[in-house]
Structure formats: structure tokens, C-alpha cells
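Novice: Take a look at the following structure, please.
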Amino acid sequence: MLLDKPFGLAGERKACALVCLSFYASFFGLLALLLNNAPPDQPEVRAWWPCFAALGACYGLAFFSLGAGWFWARWFAIGLGYSGVTLAGWTIFTQKSIDPVIAFYGVTHGIIALFLQGQKLTEEFDSKPAWRQALGLDEKSVLRVRQSVTRAAASLPTLILMALAPRQGQEGLLIASLAVVGLFGVLRLRTFGVIALLGAGVLVPWSVFTHSYQGLAVSPMLSASLVQLMGLSAAALLVASAAPFLGPVVRFLRSPARID
């Protein structure tokens, strides 16, 4: 509730968040280009380029949508900020030390998550009447959608890693696809979106603990224990993103009008 109070410098705070998002969109995009052009005798290095290209696209979408003023852009960007803070926290926990790169990663993502809070930015994005009228949402429904989008977005970087990093098995692609479909469905207020998010959350632990990752030597910070912790965090976030809608869905299915 404290973060919903009015804060000043709304435009400047949004600009700082856009700078951070554009930095990571450019960084991951250039890294993907470099990895794709690695020598042919290093296939384990080249195999990482789709993962970083997808991460760059994810941050690029957050940057573009926030700059364009789309109603869900603030929620999506805040979710990415939470993801970075979580990754930095788990990395410090597993390594029992503070690496400067991880500290920078956590601080910049914290800027994204924190600077987009406040009533003024809420009015600029969430409170636009056009999309509320188009979807027929009241205040409680807006809160449910906001919680679901933020939590699902916070799980996306981990799901991209699971789907596109060198590993055994292709179920990561299925889980990431379910999350994307679920996120789209929630924004359109469709029941299949809730089911897809819940299904992705249930499948994540199975995927993380039953298949090993290959080529993690490309990044020494990506240990197996860290991937497992991030996977469990993503699973909890996906289940939590579906939770706000489970009650209304059950009540709708059990309503007398539905039975008739």
C-alpha cells in the first residue's frame, strides 16, 4: 500500500526505468549476435544465442510498451524488475559473496521495479478508462489482472533460460509457451489463460529436477543449484499468477445458471 501512494518525479522515474530496460535489451541482443558468430568449433557457445536473443526481445518488448504507454506495460516491466532482483538475491545466497556484476544487475532491476511504483504512474497506465471499459473491469478485477501479469512476467526470464539454454529435453519450450499463452489470455480475460499459467507452474519443478543443463560453463554464475532455485521461484510465481482468478472461475463453474 505504501508504494501506491503519490510520489514526485514520475516522468524522471519512468525515464530511468526505460534506460535500464533499453540497456538490457541492447546488451542481450548484442550478446546473442556475438554468440551466433562464435567459431564453428565451439558449438557449446553458439548454442546459447537463442536464449539471449529471446531475453533481449523480452526486455525490448517491455521498453517499447512502456514508452508507448500500453496499459499493461508497467506491470510487465515491474515483473522483469522483480525477476532480476530475485536472480541477484539467489546468486548471492548460493555463492555466499557479492559479485560486482550481480550487484549491478540487482540494483538496475531494483530501479525498474521501484521507480515504476506510485499513484502518478498508476494513473498514467492502469487507470486509463478506455481499456477498462473495453474489457468491462472494475477495480477488483484490475487488481487481479495486475497481480497476475506482474507475477507471470517475473517468471519469464527463468522460463526463457529453461526453454532455450543448452539442455536435454524440449519440455522447457512447452512450459514457456504455456506461460506466454497464459499471459496473453489473462490480458484478454480468458479462462484458458489462467489454466495455462497454472499448468506451466505445475510443470516447472518436474522440468528443472529431471533434466540436466549443458554448457553452463559459458556463464560461471549459472550453477545447477541456482537454476533449481530460480525454477522453484518461477513455479511459485506462475501458480500465484493464476491464484487471483481461481476463485471466480470455480464460482462461475458452480453457479446455478451454469449448471442449468
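Ligands are numbered from 1 in the order shown, chains are lettered A, B, ... in the order of the C-alpha cells, and residues start at 1 in each chain.
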DSSP on the backbone: which residues in stretch 34-181 of chain A end up as helix (DSSP H, G or I)? Give the answer as a ChimeraX atom specification.

Specialist: /A:34-36,43-46,49-68,73-95,100-115,119-125,129-135,139-164,171-181

Novice: What's around stretch 62-73 of chain A at 12 Å? Count only C-alpha atoms, leave out sequence neighbours fewer than 3 positions away in its own chain, and write the answer as a CSV table (one decimal) with N, CA and C atoms, in the first residue's frame.

Specialist:
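Output contents, as saved in around02.csv:
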```
chain,number,residue,atom,x,y,z
A,11,GLY,N,7.8,11.4,-14.4
A,11,GLY,CA,8.4,11.3,-15.7
A,11,GLY,C,9.9,10.9,-15.6
A,14,LYS,N,10.2,7.2,-14.7
A,14,LYS,CA,9.9,6.3,-15.9
A,14,LYS,C,11.1,6.3,-16.8
A,15,ALA,N,11.7,7.5,-17.0
A,15,ALA,CA,12.8,7.6,-17.9
A,15,ALA,C,14.0,6.7,-17.4
A,16,CYS,N,14.2,6.7,-16.1
A,16,CYS,CA,15.3,5.8,-15.6
A,16,CYS,C,15.0,4.4,-15.8
A,17,ALA,N,13.7,4.0,-15.6
A,17,ALA,CA,13.4,2.6,-15.9
A,17,ALA,C,13.5,2.3,-17.4
A,18,LEU,N,13.2,3.2,-18.3
A,18,LEU,CA,13.4,3.0,-19.7
A,18,LEU,C,14.8,2.8,-20.1
A,19,VAL,N,15.7,3.6,-19.4
A,19,VAL,CA,17.1,3.5,-19.7
A,19,VAL,C,17.6,2.1,-19.3
A,20,CYS,N,17.2,1.6,-18.2
A,20,CYS,CA,17.6,0.2,-17.7
A,20,CYS,C,17.1,-0.8,-18.7
A,21,LEU,N,15.8,-0.7,-19.1
A,21,LEU,CA,15.3,-1.7,-20.0
A,21,LEU,C,15.9,-1.7,-21.3
A,22,SER,N,16.2,-0.5,-21.8
A,22,SER,CA,16.9,-0.4,-23.1
A,22,SER,C,18.3,-1.0,-23.1
A,23,PHE,N,19.0,-0.8,-21.9
A,23,PHE,CA,20.3,-1.3,-21.7
A,23,PHE,C,20.3,-2.8,-21.9
A,24,TYR,N,19.4,-3.5,-21.1
A,24,TYR,CA,19.4,-4.9,-21.2
A,24,TYR,C,18.9,-5.5,-22.5
A,25,ALA,N,18.0,-4.8,-23.1
A,25,ALA,CA,17.5,-5.2,-24.5
A,25,ALA,C,18.7,-5.1,-25.5
A,26,SER,N,19.5,-4.1,-25.4
A,26,SER,CA,20.7,-4.0,-26.3
A,26,SER,C,21.8,-4.9,-25.9
A,55,LEU,N,15.8,-13.2,-24.5
A,55,LEU,CA,15.9,-12.3,-23.4
A,55,LEU,C,15.9,-10.8,-23.9
A,56,GLY,N,16.7,-10.6,-24.9
A,56,GLY,CA,16.7,-9.2,-25.5
A,56,GLY,C,15.3,-8.8,-26.0
A,57,ALA,N,14.6,-9.8,-26.7
A,57,ALA,CA,13.3,-9.4,-27.2
A,57,ALA,C,12.3,-9.2,-26.0
A,58,CYS,N,12.5,-9.9,-24.9
A,58,CYS,CA,11.6,-9.7,-23.7
A,58,CYS,C,11.8,-8.3,-23.2
A,59,TYR,N,13.0,-7.9,-23.0
A,59,TYR,CA,13.3,-6.6,-22.5
A,59,TYR,C,12.9,-5.5,-23.5
A,76,PHE,N,4.3,-5.4,-16.6
A,76,PHE,CA,5.2,-6.3,-17.2
A,76,PHE,C,6.6,-5.9,-16.8
A,77,ALA,N,6.9,-4.6,-16.9
A,77,ALA,CA,8.3,-4.1,-16.6
A,77,ALA,C,8.6,-4.3,-15.1
A,78,ILE,N,7.7,-4.1,-14.2
A,78,ILE,CA,7.9,-4.3,-12.8
A,78,ILE,C,8.2,-5.8,-12.6
A,79,GLY,N,7.5,-6.7,-13.3
A,79,GLY,CA,7.7,-8.1,-13.1
A,79,GLY,C,9.2,-8.5,-13.5
A,80,LEU,N,9.7,-7.9,-14.7
A,80,LEU,CA,11.0,-8.1,-15.0
A,80,LEU,C,12.0,-7.6,-14.0
A,81,GLY,N,11.7,-6.5,-13.4
A,81,GLY,CA,12.5,-6.0,-12.3
A,81,GLY,C,12.6,-6.9,-11.1
A,112,ILE,N,14.2,-0.5,-11.9
A,112,ILE,CA,13.0,-0.7,-12.7
A,112,ILE,C,11.7,-1.0,-11.9
A,116,LEU,N,8.9,2.5,-11.0
A,116,LEU,CA,7.6,2.5,-11.7
A,116,LEU,C,6.5,2.4,-10.7
A,121,LEU,N,2.2,7.2,-11.7
A,121,LEU,CA,2.4,6.3,-12.8
A,121,LEU,C,1.2,5.3,-12.9
A,122,THR,N,0.6,5.0,-11.8
A,122,THR,CA,-0.6,4.1,-11.9
A,122,THR,C,-1.7,4.8,-12.7
A,123,GLU,N,-1.9,6.1,-12.5
A,123,GLU,CA,-2.9,6.9,-13.3
A,123,GLU,C,-2.5,6.9,-14.7
A,124,GLU,N,-1.2,7.0,-15.0
A,124,GLU,CA,-0.8,7.1,-16.4
A,124,GLU,C,-1.0,5.8,-17.2
A,125,PHE,N,-0.9,4.6,-16.5
A,125,PHE,CA,-1.1,3.4,-17.2
A,125,PHE,C,-2.3,2.6,-16.8
A,126,ASP,N,-2.4,2.2,-15.5
A,126,ASP,CA,-3.5,1.4,-15.1
A,126,ASP,C,-4.9,2.0,-15.1
A,127,SER,N,-5.0,3.3,-14.9
A,127,SER,CA,-6.2,4.0,-14.7
A,127,SER,C,-6.8,4.5,-16.0
A,128,LYS,N,-6.3,4.2,-17.1
A,128,LYS,CA,-6.8,4.6,-18.4
A,128,LYS,C,-8.2,4.0,-18.6
A,129,PRO,N,-9.3,4.9,-18.8
A,129,PRO,CA,-10.6,4.3,-18.8
A,129,PRO,C,-11.0,3.5,-20.1
A,130,ALA,N,-10.2,3.7,-21.2
A,130,ALA,CA,-10.6,3.1,-22.4
A,130,ALA,C,-10.5,1.6,-22.3
A,131,TRP,N,-9.4,1.1,-21.8
A,131,TRP,CA,-9.2,-0.4,-21.8
A,131,TRP,C,-10.0,-1.0,-20.7
A,132,ARG,N,-10.3,-0.3,-19.6
A,132,ARG,CA,-11.2,-0.8,-18.6
A,132,ARG,C,-12.6,-1.0,-19.1
A,142,VAL,N,-9.2,-5.2,-12.0
A,142,VAL,CA,-7.9,-4.6,-12.4
A,142,VAL,C,-6.8,-5.1,-11.5
A,143,LEU,N,-7.1,-5.2,-10.2
A,143,LEU,CA,-6.1,-5.6,-9.3
A,143,LEU,C,-5.7,-7.1,-9.5
A,145,VAL,N,-5.8,-8.7,-12.5
A,145,VAL,CA,-5.0,-8.7,-13.7
A,145,VAL,C,-3.6,-8.2,-13.4
A,146,ARG,N,-3.5,-7.1,-12.7
A,146,ARG,CA,-2.2,-6.6,-12.4
A,146,ARG,C,-1.3,-7.6,-11.6
A,147,GLN,N,-1.9,-8.2,-10.6
A,147,GLN,CA,-1.1,-9.2,-9.9
A,147,GLN,C,-0.7,-10.4,-10.8
A,148,SER,N,-1.6,-10.8,-11.6
A,148,SER,CA,-1.2,-12.0,-12.5
A,148,SER,C,-0.2,-11.6,-13.5
A,149,VAL,N,-0.3,-10.5,-14.2
A,149,VAL,CA,0.7,-10.1,-15.2
A,149,VAL,C,2.0,-9.8,-14.6
A,150,THR,N,2.1,-9.2,-13.4
A,150,THR,CA,3.4,-8.9,-12.8
A,150,THR,C,4.1,-10.2,-12.4
A,153,ALA,N,5.2,-12.2,-15.5
A,153,ALA,CA,6.4,-11.5,-16.1
A,153,ALA,C,7.6,-11.8,-15.3
A,154,ALA,N,7.5,-11.8,-14.0
A,154,ALA,CA,8.7,-12.1,-13.2
A,154,ALA,C,9.2,-13.5,-13.4
A,156,LEU,N,9.2,-15.0,-16.5
A,156,LEU,CA,9.6,-15.2,-17.9
A,156,LEU,C,11.1,-15.4,-18.2
A,183,LEU,N,-0.3,-15.6,-20.3
A,183,LEU,CA,-0.2,-14.1,-20.1
A,183,LEU,C,-1.1,-13.4,-21.0
A,184,PHE,N,-1.1,-13.8,-22.3
A,184,PHE,CA,-2.0,-13.2,-23.3
A,184,PHE,C,-3.4,-13.5,-22.9
A,186,VAL,N,-4.8,-14.0,-19.9
A,186,VAL,CA,-5.1,-13.1,-18.8
A,186,VAL,C,-5.4,-11.7,-19.2
A,187,LEU,N,-4.6,-11.2,-20.1
A,187,LEU,CA,-4.8,-9.8,-20.6
A,187,LEU,C,-6.1,-9.7,-21.3
A,188,ARG,N,-6.5,-10.8,-21.9
A,188,ARG,CA,-7.8,-10.8,-22.7
A,188,ARG,C,-9.0,-11.3,-21.8
```

Novice: Rank nothing, just name the residue among A:Gly185, A:Ala242, A:Gly29, A:Ile175 nearest to A:Gly60, using only C-alpha atoms.

Specialist: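 Looking at the shortest contact to A:Gly60, the residue is A:Gly29.
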
Novice: Pick out the residues sitting within 7 Å of A:Leu237, and hand them over as a list in words; count only C-alpha atoms, and ignore anything fewer than 4 positions along from it in its own chain.

Specialist: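 Here the answer would be Arg151, Ala152, Ser155, Ser233 and Ser241 of chain A.
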
Novice: Kindly save the residues from that selection, with C-alpha atoms included, as a short mmCIF file (atom, residue, chain, number, x, y, z; two decimals), in the first residue's frame.

Specialist:
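Final output, out_23.cif:
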```
data_model
loop_
_atom_site.label_atom_id
_atom_site.label_comp_id
_atom_site.auth_asym_id
_atom_site.auth_seq_id
_atom_site.Cartn_x
_atom_site.Cartn_y
_atom_site.Cartn_z
CA ARG A 151 3.94 -12.39 -11.33
CA ALA A 152 3.91 -14.08 -14.74
CA SER A 155 8.91 -15.77 -14.21
CA SER A 233 10.67 -19.34 -7.73
CA SER A 241 -0.37 -15.52 -11.03
#
```

Novice: Nearest to A:Thr108 among A:Ser207, A:Gln170, A:Ser83, A:Thr158, with distances taken over only C-alpha atoms: which residue is it?

Specialist: A:Ser83

Novice: What's the 12 Å shell around stretch 198-206 of chain A, counting only C-alpha atoms, without same-chain residues fewer than 5 positions away, as a VMD selection string?

Specialist: chain A and resid 148 151 to 152 155 to 156 158 to 163 169 171 to 183 186 191 to 193 211 to 212 227 to 246

Novice: Give me the residues near stretch 98-102 of chain A as a ChimeraX atom specification, where near means some atom within 8 Å (using only C-alpha atoms) and where sequence neighbours in that chain fewer than 5 positions away do not count.

Specialist: /A:88,91-92

Novice: How many Å separate atom CA of A:Gly247 from atom CA of A:Ala134?

Specialist: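 Pair atom CA of A:Gly247 / atom CA of A:Ala134 returns 22.9 Å.
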